[in-house]
Every structure is written in C-alpha cells, then in structure tokens.
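Heads up, protein30.pdb below (PDB, C-alpha atoms):
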```
ATOM      1  CA  MET A 920      32.994   0.122  20.519  1.00  0.00           C
ATOM      2  CA  ASP A 921      33.920  -0.430  24.162  1.00  0.00           C
ATOM      3  CA  LYS A 922      31.424  -1.850  26.652  1.00  0.00           C
ATOM      4  CA  ASN A 923      31.285   1.320  28.747  1.00  0.00           C
ATOM      5  CA  THR A 924      30.161   3.378  25.745  1.00  0.00           C
ATOM      6  CA  ILE A 925      27.499   0.837  24.803  1.00  0.00           C
ATOM      7  CA  GLU A 926      26.202   0.749  28.372  1.00  0.00           C
ATOM      8  CA  ARG A 927      26.118   4.552  28.558  1.00  0.00           C
ATOM      9  CA  LEU A 928      24.158   4.729  25.302  1.00  0.00           C
ATOM     10  CA  ARG A 929      21.847   1.936  26.436  1.00  0.00           C
ATOM     11  CA  GLN A 930      21.020   3.882  29.591  1.00  0.00           C
ATOM     12  CA  ARG A 931      20.339   7.051  27.611  1.00  0.00           C
ATOM     13  CA  ALA A 932      18.041   5.181  25.214  1.00  0.00           C
ATOM     14  CA  SER A 933      16.233   3.581  28.135  1.00  0.00           C
ATOM     15  CA  GLN A 934      15.713   6.990  29.751  1.00  0.00           C
ATOM     16  CA  HIS A 935      14.037   8.299  26.587  1.00  0.00           C
ATOM     17  CA  PHE A 936      11.453   5.516  26.853  1.00  0.00           C
ATOM     18  CA  LEU A 937      10.886   6.175  30.548  1.00  0.00           C
ATOM     19  CA  ASP A 938      10.572   9.936  30.080  1.00  0.00           C
ATOM     20  CA  SER A 939       8.179   9.508  27.167  1.00  0.00           C
ATOM     21  CA  ILE A 940       6.032   7.075  29.148  1.00  0.00           C
ATOM     22  CA  ALA A 941       5.858   9.489  32.091  1.00  0.00           C
ATOM     23  CA  VAL A 942       4.675  12.389  29.923  1.00  0.00           C
ATOM     24  CA  LYS A 943       2.110  10.213  28.172  1.00  0.00           C
ATOM     25  CA  GLN A 944       0.791   8.959  31.510  1.00  0.00           C
ATOM     26  CA  GLU A 945       0.282  12.534  32.685  1.00  0.00           C
ATOM     27  CA  ALA A 946      -1.335  13.407  29.341  1.00  0.00           C
ATOM     28  CA  GLU A 947      -3.701  10.462  29.760  1.00  0.00           C
ATOM     29  CA  ARG A 948      -4.721  11.895  33.109  1.00  0.00           C
ATOM     30  CA  VAL A 949      -5.522  15.407  31.893  1.00  0.00           C
ATOM     31  CA  LEU A 950      -6.306  15.383  28.151  1.00  0.00           C
ATOM     32  CA  PRO A 951      -8.825  12.681  27.101  1.00  0.00           C
ATOM     33  CA  GLU A 952     -11.916  14.854  27.700  1.00  0.00           C
ATOM     34  CA  SER A 953     -10.424  17.599  25.537  1.00  0.00           C
ATOM     35  CA  VAL A 954      -9.649  15.008  22.848  1.00  0.00           C
ATOM     36  CA  ALA A 955     -13.318  13.978  22.969  1.00  0.00           C
ATOM     37  CA  HIS A 956     -14.390  17.608  22.446  1.00  0.00           C
ATOM     38  CA  GLY A 957     -11.951  17.862  19.530  1.00  0.00           C
ATOM     39  CA  VAL A 958     -13.388  14.735  17.920  1.00  0.00           C
ATOM     40  CA  VAL A 959     -16.954  16.031  18.206  1.00  0.00           C
ATOM     41  CA  ALA A 960     -15.937  19.379  16.693  1.00  0.00           C
ATOM     42  CA  MET A 961     -14.197  17.667  13.780  1.00  0.00           C
ATOM     43  CA  VAL A 962     -17.090  15.333  13.022  1.00  0.00           C
ATOM     44  CA  GLU A 963     -19.629  18.175  13.182  1.00  0.00           C
ATOM     45  CA  CYS A 964     -17.424  20.187  10.816  1.00  0.00           C
ATOM     46  CA  LEU A 965     -17.004  17.330   8.340  1.00  0.00           C
ATOM     47  CA  ARG A 966     -20.684  16.345   8.388  1.00  0.00           C
ATOM     48  CA  ALA A 967     -21.620  19.945   7.621  1.00  0.00           C
ATOM     49  CA  GLY A 968     -19.376  19.984   4.548  1.00  0.00           C
ATOM     50  CA  GLY A 969     -16.466  21.775   6.178  1.00  0.00           C
ATOM     51  CA  LYS A 970     -12.778  20.938   6.131  1.00  0.00           C
ATOM     52  CA  ILE A 971      -9.896  20.743   8.545  1.00  0.00           C
ATOM     53  CA  MET A 972      -6.788  22.809   7.789  1.00  0.00           C
ATOM     54  CA  ALA A 973      -3.609  21.832   9.629  1.00  0.00           C
ATOM     55  CA  CYS A 974      -0.376  23.767  10.072  1.00  0.00           C
ATOM     56  CA  GLY A 975       2.878  23.759  12.001  1.00  0.00           C
ATOM     57  CA  ASN A 976       6.633  24.105  11.563  1.00  0.00           C
ATOM     58  CA  GLY A 977       9.379  21.501  11.388  1.00  0.00           C
ATOM     59  CA  GLY A 978       8.258  18.329  13.152  1.00  0.00           C
ATOM     60  CA  SER A 979       4.853  19.939  13.626  1.00  0.00           C
ATOM     61  CA  ALA A 980       4.627  20.445   9.850  1.00  0.00           C
ATOM     62  CA  ALA A 981       5.214  16.720   9.482  1.00  0.00           C
ATOM     63  CA  ASP A 982       2.460  16.097  12.036  1.00  0.00           C
ATOM     64  CA  ALA A 983       0.083  18.376  10.099  1.00  0.00           C
ATOM     65  CA  GLN A 984       0.780  16.438   6.916  1.00  0.00           C
ATOM     66  CA  HIS A 985       0.485  13.111   8.716  1.00  0.00           C
ATOM     67  CA  PHE A 986      -2.924  14.096  10.090  1.00  0.00           C
ATOM     68  CA  ALA A 987      -4.256  15.263   6.721  1.00  0.00           C
ATOM     69  CA  ALA A 988      -3.062  12.027   5.132  1.00  0.00           C
ATOM     70  CA  GLU A 989      -4.916   9.973   7.764  1.00  0.00           C
ATOM     71  CA  LEU A 990      -8.169  11.770   6.963  1.00  0.00           C
ATOM     72  CA  ILE A 991      -7.864  11.821   3.181  1.00  0.00           C
ATOM     73  CA  GLY A 992      -6.618   8.234   3.103  1.00  0.00           C
ATOM     74  CA  ARG A 993      -7.466   6.181   6.147  1.00  0.00           C
ATOM     75  CA  PHE A 994      -6.444   5.728   9.745  1.00  0.00           C
ATOM     76  CA  GLU A 995      -7.043   2.075  10.657  1.00  0.00           C
ATOM     77  CA  ARG A 996     -10.284   1.304   8.834  1.00  0.00           C
ATOM     78  CA  GLU A 997     -11.590   1.850   5.343  1.00  0.00           C
ATOM     79  CA  ARG A 998     -14.018   4.759   5.027  1.00  0.00           C
ATOM     80  CA  GLN A 999     -14.868   7.656   2.773  1.00  0.00           C
ATOM     81  CA  GLU A1000     -12.279  10.360   2.215  1.00  0.00           C
ATOM     82  CA  LEU A1001     -12.532  13.206   4.721  1.00  0.00           C
ATOM     83  CA  ALA A1002     -11.791  16.832   3.863  1.00  0.00           C
ATOM     84  CA  ALA A1003      -8.413  17.829   5.269  1.00  0.00           C
ATOM     85  CA  ILE A1004      -5.503  19.857   3.961  1.00  0.00           C
ATOM     86  CA  ALA A1005      -2.045  20.568   5.344  1.00  0.00           C
ATOM     87  CA  LEU A1006      -1.092  24.214   4.810  1.00  0.00           C
ATOM     88  CA  THR A1007       2.577  23.218   4.906  1.00  0.00           C
ATOM     89  CA  THR A1008       2.912  21.473   1.561  1.00  0.00           C
ATOM     90  CA  ASP A1009       2.624  23.995  -1.299  1.00  0.00           C
ATOM     91  CA  SER A1010       6.177  25.201  -1.855  1.00  0.00           C
ATOM     92  CA  SER A1011       5.100  27.945  -4.272  1.00  0.00           C
ATOM     93  CA  ILE A1012       2.674  29.463  -1.771  1.00  0.00           C
ATOM     94  CA  LEU A1013       5.135  29.142   1.106  1.00  0.00           C
ATOM     95  CA  THR A1014       8.025  30.720  -0.777  1.00  0.00           C
ATOM     96  CA  ALA A1015       5.964  33.419  -2.476  1.00  0.00           C
ATOM     97  CA  VAL A1016       4.297  34.558   0.740  1.00  0.00           C
ATOM     98  CA  GLY A1017       7.536  34.195   2.700  1.00  0.00           C
ATOM     99  CA  ASN A1018       9.410  36.267   0.119  1.00  0.00           C
ATOM    100  CA  ASP A1019       6.790  38.889  -0.741  1.00  0.00           C
ATOM    101  CA  TYR A1020       5.289  39.337   2.729  1.00  0.00           C
ATOM    102  CA  SER A1021       6.749  37.477   5.711  1.00  0.00           C
ATOM    103  CA  TYR A1022       7.177  33.903   6.834  1.00  0.00           C
ATOM    104  CA  ASP A1023       4.850  34.856   9.673  1.00  0.00           C
ATOM    105  CA  GLU A1024       2.029  35.077   7.091  1.00  0.00           C
ATOM    106  CA  VAL A1025       2.496  31.749   5.266  1.00  0.00           C
ATOM    107  CA  PHE A1026      -0.427  30.064   7.038  1.00  0.00           C
ATOM    108  CA  SER A1027      -2.702  33.026   7.762  1.00  0.00           C
ATOM    109  CA  LYS A1028      -2.993  33.981   4.095  1.00  0.00           C
ATOM    110  CA  GLN A1029      -3.982  30.409   3.259  1.00  0.00           C
ATOM    111  CA  VAL A1030      -6.562  30.427   6.058  1.00  0.00           C
ATOM    112  CA  ARG A1031      -8.081  33.604   4.646  1.00  0.00           C
ATOM    113  CA  GLY A1032      -7.964  32.299   1.074  1.00  0.00           C
ATOM    114  CA  LEU A1033      -9.175  28.756   1.671  1.00  0.00           C
ATOM    115  CA  GLY A1034     -11.089  28.855   4.932  1.00  0.00           C
ATOM    116  CA  LYS A1035     -14.748  29.509   5.589  1.00  0.00           C
ATOM    117  CA  LYS A1036     -16.957  29.740   8.648  1.00  0.00           C
ATOM    118  CA  GLY A1037     -17.544  26.261  10.003  1.00  0.00           C
ATOM    119  CA  ASP A1038     -14.118  24.913   9.077  1.00  0.00           C
ATOM    120  CA  ILE A1039     -11.536  23.915  11.685  1.00  0.00           C
ATOM    121  CA  LEU A1040      -7.920  25.009  11.989  1.00  0.00           C
ATOM    122  CA  LEU A1041      -5.613  22.471  13.605  1.00  0.00           C
ATOM    123  CA  GLY A1042      -2.640  24.547  14.755  1.00  0.00           C
ATOM    124  CA  ILE A1043       0.410  22.669  16.043  1.00  0.00           C
ATOM    125  CA  SER A1044       3.251  24.346  17.952  1.00  0.00           C
ATOM    126  CA  THR A1045       5.392  22.614  20.549  1.00  0.00           C
ATOM    127  CA  SER A1046       6.291  25.937  22.165  1.00  0.00           C
ATOM    128  CA  GLY A1047       2.878  27.517  21.730  1.00  0.00           C
ATOM    129  CA  ASN A1048       4.661  30.584  20.364  1.00  0.00           C
ATOM    130  CA  SER A1049       5.129  29.976  16.614  1.00  0.00           C
ATOM    131  CA  LYS A1050       4.345  33.339  15.027  1.00  0.00           C
ATOM    132  CA  ASN A1051       2.892  31.939  11.817  1.00  0.00           C
ATOM    133  CA  VAL A1052       0.609  29.573  13.749  1.00  0.00           C
ATOM    134  CA  LEU A1053      -0.451  32.440  16.017  1.00  0.00           C
ATOM    135  CA  LYS A1054      -1.322  34.568  12.979  1.00  0.00           C
ATOM    136  CA  ALA A1055      -3.207  31.650  11.418  1.00  0.00           C
ATOM    137  CA  ILE A1056      -5.273  31.332  14.596  1.00  0.00           C
ATOM    138  CA  GLU A1057      -5.977  35.067  14.614  1.00  0.00           C
ATOM    139  CA  ALA A1058      -7.116  34.868  10.977  1.00  0.00           C
ATOM    140  CA  ALA A1059      -9.292  31.850  11.725  1.00  0.00           C
ATOM    141  CA  LYS A1060     -11.025  33.572  14.635  1.00  0.00           C
ATOM    142  CA  LYS A1061     -11.986  36.526  12.431  1.00  0.00           C
ATOM    143  CA  ILE A1062     -13.647  34.193   9.920  1.00  0.00           C
ATOM    144  CA  GLY A1063     -15.491  32.071  12.477  1.00  0.00           C
ATOM    145  CA  ILE A1064     -13.260  29.025  12.193  1.00  0.00           C
ATOM    146  CA  LYS A1065     -12.939  26.902  15.332  1.00  0.00           C
ATOM    147  CA  VAL A1066      -9.397  26.158  16.495  1.00  0.00           C
ATOM    148  CA  ILE A1067      -7.957  22.933  17.819  1.00  0.00           C
ATOM    149  CA  ALA A1068      -4.484  23.739  19.131  1.00  0.00           C
ATOM    150  CA  LEU A1069      -1.787  21.216  19.940  1.00  0.00           C
ATOM    151  CA  THR A1070       0.875  22.811  22.110  1.00  0.00           C
ATOM    152  CA  GLY A1071       3.276  22.115  24.941  1.00  0.00           C
ATOM    153  CA  ASN A1072       5.331  24.244  27.282  1.00  0.00           C
ATOM    154  CA  GLY A1073       2.241  25.432  29.125  1.00  0.00           C
ATOM    155  CA  GLY A1074       0.520  26.559  25.926  1.00  0.00           C
ATOM    156  CA  GLY A1075       2.586  29.671  25.259  1.00  0.00           C
ATOM    157  CA  LYS A1076       0.955  32.634  23.516  1.00  0.00           C
ATOM    158  CA  ILE A1077      -1.461  30.367  21.669  1.00  0.00           C
ATOM    159  CA  ALA A1078      -3.251  29.626  24.941  1.00  0.00           C
ATOM    160  CA  THR A1079      -4.154  33.323  25.264  1.00  0.00           C
ATOM    161  CA  LEU A1080      -5.919  33.330  21.880  1.00  0.00           C
ATOM    162  CA  LEU A1081      -8.268  30.446  22.561  1.00  0.00           C
ATOM    163  CA  ASP A1082     -11.775  30.689  23.967  1.00  0.00           C
ATOM    164  CA  VAL A1083     -14.375  28.219  25.210  1.00  0.00           C
ATOM    165  CA  GLU A1084     -15.369  27.245  21.672  1.00  0.00           C
ATOM    166  CA  ASP A1085     -11.838  26.081  20.895  1.00  0.00           C
ATOM    167  CA  VAL A1086      -9.998  22.955  22.017  1.00  0.00           C
ATOM    168  CA  HIS A1087      -6.552  23.123  23.605  1.00  0.00           C
ATOM    169  CA  LEU A1088      -4.471  19.952  23.752  1.00  0.00           C
ATOM    170  CA  CYS A1089      -1.355  20.967  25.669  1.00  0.00           C
ATOM    171  CA  ALA A1090       1.211  18.208  26.146  1.00  0.00           C
ATOM    172  CA  PRO A1091       2.398  18.320  29.766  1.00  0.00           C
ATOM    173  CA  SER A1092       6.098  18.829  29.068  1.00  0.00           C
ATOM    174  CA  THR A1093       8.652  21.495  28.228  1.00  0.00           C
ATOM    175  CA  ARG A1094      10.882  19.183  26.162  1.00  0.00           C
ATOM    176  CA  THR A1095      10.277  19.364  22.419  1.00  0.00           C
ATOM    177  CA  ALA A1096      10.841  15.648  21.815  1.00  0.00           C
ATOM    178  CA  ARG A1097       8.405  14.623  24.544  1.00  0.00           C
ATOM    179  CA  ILE A1098       5.814  17.137  23.311  1.00  0.00           C
ATOM    180  CA  GLN A1099       6.093  15.877  19.735  1.00  0.00           C
ATOM    181  CA  GLU A1100       5.733  12.265  20.845  1.00  0.00           C
ATOM    182  CA  THR A1101       2.607  13.146  22.801  1.00  0.00           C
ATOM    183  CA  HIS A1102       1.198  15.129  19.878  1.00  0.00           C
ATOM    184  CA  LEU A1103       1.385  12.025  17.720  1.00  0.00           C
ATOM    185  CA  VAL A1104      -0.694  10.067  20.244  1.00  0.00           C
ATOM    186  CA  LEU A1105      -3.184  12.948  20.426  1.00  0.00           C
ATOM    187  CA  LEU A1106      -3.496  13.067  16.627  1.00  0.00           C
ATOM    188  CA  HIS A1107      -4.070   9.325  16.479  1.00  0.00           C
ATOM    189  CA  GLY A1108      -6.662   9.685  19.243  1.00  0.00           C
ATOM    190  CA  LEU A1109      -8.466  12.322  17.195  1.00  0.00           C
ATOM    191  CA  CYS A1110      -8.379  10.126  14.076  1.00  0.00           C
ATOM    192  CA  ASP A1111      -9.662   7.123  15.993  1.00  0.00           C
ATOM    193  CA  GLY A1112     -12.475   9.138  17.558  1.00  0.00           C
ATOM    194  CA  VAL A1113     -13.550  10.533  14.191  1.00  0.00           C
ATOM    195  CA  ASP A1114     -13.673   7.033  12.711  1.00  0.00           C
ATOM    196  CA  HIS A1115     -15.599   5.750  15.736  1.00  0.00           C
ATOM    197  CA  LEU A1116     -18.304   8.398  15.424  1.00  0.00           C
ATOM    198  CA  LEU A1117     -18.575   8.004  11.674  1.00  0.00           C
ATOM    199  CA  LEU A1118     -18.412   4.211  11.433  1.00  0.00           C
ATOM    200  CA  ASP A1119     -19.682   2.637  14.662  1.00  0.00           C
TER     201      ASP A1119
END
```
Translate this structure into structure tokens?
Amino acid sequence: MDKNTIERLRQRASQHFLDSIAVKQEAERVLPESVAHGVVAMVECLRAGGKIMACGNGGSAADAQHFAAELIGRFERERQELAAIALTTDSSILTAVGNDYSYDEVFSKQVRGLGKKGDILLGISTSGNSKNVLKAIEAAKKIGIKVIALTGNGGGKIATLLDVEDVHLCAPSTRTARIQETHLVLLHGLCDGVDHLLLD
C-alpha cells in the first residue's frame, strides 16, 4: 500500500479517537449526576428483590446483553449474582412475536409477561426513536416499572415518555458510533456504581 493511503487512513483513525474523546468529555460534564441516580434506582430495585430488564436493537442489543452479563456474572469484583435479563436473546420469542404480531412488540410483550412493579427497564436506543423500545417503555410505565433510558441524538421520542421518576442518559452526539461508545462508558459507570454501593 502506498504511503499516501496509509497516511490518509492514519489521519482518519486518529480523528475517531479525537471525536470520541470530545463526546466523552462533554458527557462527563453533563451526565454523572444522572448516572448516580440510575445506580441508586438499580440498587434499590435489586435489594427489594426486583430485576433489571434490558433491551435495544443492533449494537444496542449487544449493549443490553453485555450489561446483563456484567450483573449476572461480575463487573470487576466478585459478588453475588444480580438479577438482570436481556430481552434480546430468546430467538423463539423474538421470531414468534415478530411474525405473529409485529417487530415493534418484541420487547413490550416480554415486559408485560416478565415484569412487575418495582423492576427496572433499561431501554437503549442511539436515536431515541426505536419503536420497539418506545413500546417497551410504554408497557413498563403502565406496570409501574421505572425506566433508565440510554439515548443520543437529543433523546428522540423516548425523551417525551420519561418523567421525573425515570433516568435519562442521553449521549451528547448525533453520530451513532460516538453515541454507542459513550453508552458503553455509561453502562460501565452504572455497573461500577452498583458494585460500590453493594460492596463498599
């Protein structure tokens, strides 16, 4: 490969790091207090015998699964298993509901079937407009399930569904990659805070 191509690619790679750092610095300025509220809500839920249900699409589905794995397994320290489930993993439920009803209902039907008052729904949508996450939030609100929403792009339609009891963690970016990168830091911050309150 010629030197000009390598240099062009090097500059593009460097810019990804710089852009990601800039978004994370802005997130650090505006989001830590909301993370703290999310941690308290999660710990209160878990201590009361509740569970955390997580959902999202694509990369956000991977984040939902990642988060549930950190709670059921461990984050950075050994501790008891914590009740968490990703609503993105049961292929039979997803395909049956998607086929028989609508893909928009794949999470909401699980929320209604598995959720109870006092649980938490962790809804992840980079755009804030994912229809199935929106419907899951609507279902959760009817049951009395608190919502912690991870969004970007100004919060989208999800922002309009949340009230003062909920927690909104909106990554300060409109670029999907930057939002997803920030969501991962937010999820790790939540995991760390939960462990801190439970173990320290």
Margin query: Using the chain letters and numbers from this file, what does the PyMOL selection byres ((chain A and resi 989-1005) around 7) select? Give the answer as a list in words.
Written below: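 That selection, the PyMOL selection byres ((chain A and resi 989-1005) around 7), comes back as Leu965, Lys970, Ile971, Met972, Ala973, Cys974, Ala983, Gln984, His985, Phe986, Ala987, Ala988, Leu1006, Thr1007, Thr1008 and Cys1110 of chain A.
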Note to self: Since I can't run it myself right now, could you work out what the PyMOL selection byres ((chain A and resi 1024) around 10) selects here and report it as a PyMOL selection string?
What the structure shows: chain A and resi 1013+1016-1017+1019-1023+1025-1030+1050-1055+1058
Next item on the list: With the file shown as input, list the residues that the PyMOL selection byres ((chain A and resi 952) around 12) selects, as a PyMOL selection string.
Entry: chain A and resi 946-951+953-959+1086-1088+1105+1108-1109+1112
Check: Taking into account only C-alpha atoms, which residue in the set A:Leu1080, A:Ala1059, A:Ile1012, A:Cys1089 is nearest to Ile1043 in chain A?
Finding: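 Among the listed residues, the smallest separation from Ile1043 in chain A belongs to A:Cys1089.
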Note to self: Could you check the closest approach to Leu1118 in chain A for each of A:Leu1033, A:Val962, A:Met920, A:Ile1098 and tell me which residue wins, using all atoms listed in the file?
What the structure shows: A:Val962
Find the smallest box with edges along x, y and z containing every listed atom of range 938-952 of chain A, then add 4 Å on each side and report centre and edge lengths in Å to one decimal, as lines of an AutoDock Vina configuration file.
```
center_x = -0.7
center_y = 11.2
center_z = 30.1
size_x = 30.5
size_y = 16.3
size_z = 14.0
```
Check: Pick from A:Ala932, A:Asp1114, A:Thr1014, A:Ala967: nearest to Ile1039 in chain A, with all atoms listed in the file counted?
Finding: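 The closest residue to Ile1039 in chain A is A:Ala967.
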Next item on the list: Rank nothing, just name the residue among A:Met961, A:Val1113, A:Glu1057, A:His935 nearest to Lys1076 in chain A, using all atoms listed in the file.
Entry: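 Between A:Met961, A:Val1113, A:Glu1057, A:His935, the residue approaching Lys1076 in chain A most closely is A:Glu1057.
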Note to self: What's around Gly1047 in chain A at 8 Å? Count only C-alpha atoms, leave out sequence neighbours fewer than 5 positions away in its own chain, and write the answer as a ChimeraX atom specification.
What the structure shows: /A:1070-1078
Item checked: Distance of CA of Val1083 in chain A from CA of Ile1056 in chain A, expressed in Å to one decimal place -> 14.3 Å
Next item on the list: Can you work out which one of A:Ala1096, A:Ala981, A:Leu1069, A:Ala1090 has the shortest atom-to-atom distance to Leu1040 in chain A, counting only C-alpha atoms?
Entry: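 Answer, going by the shortest atom-to-atom distance: A:Leu1069.
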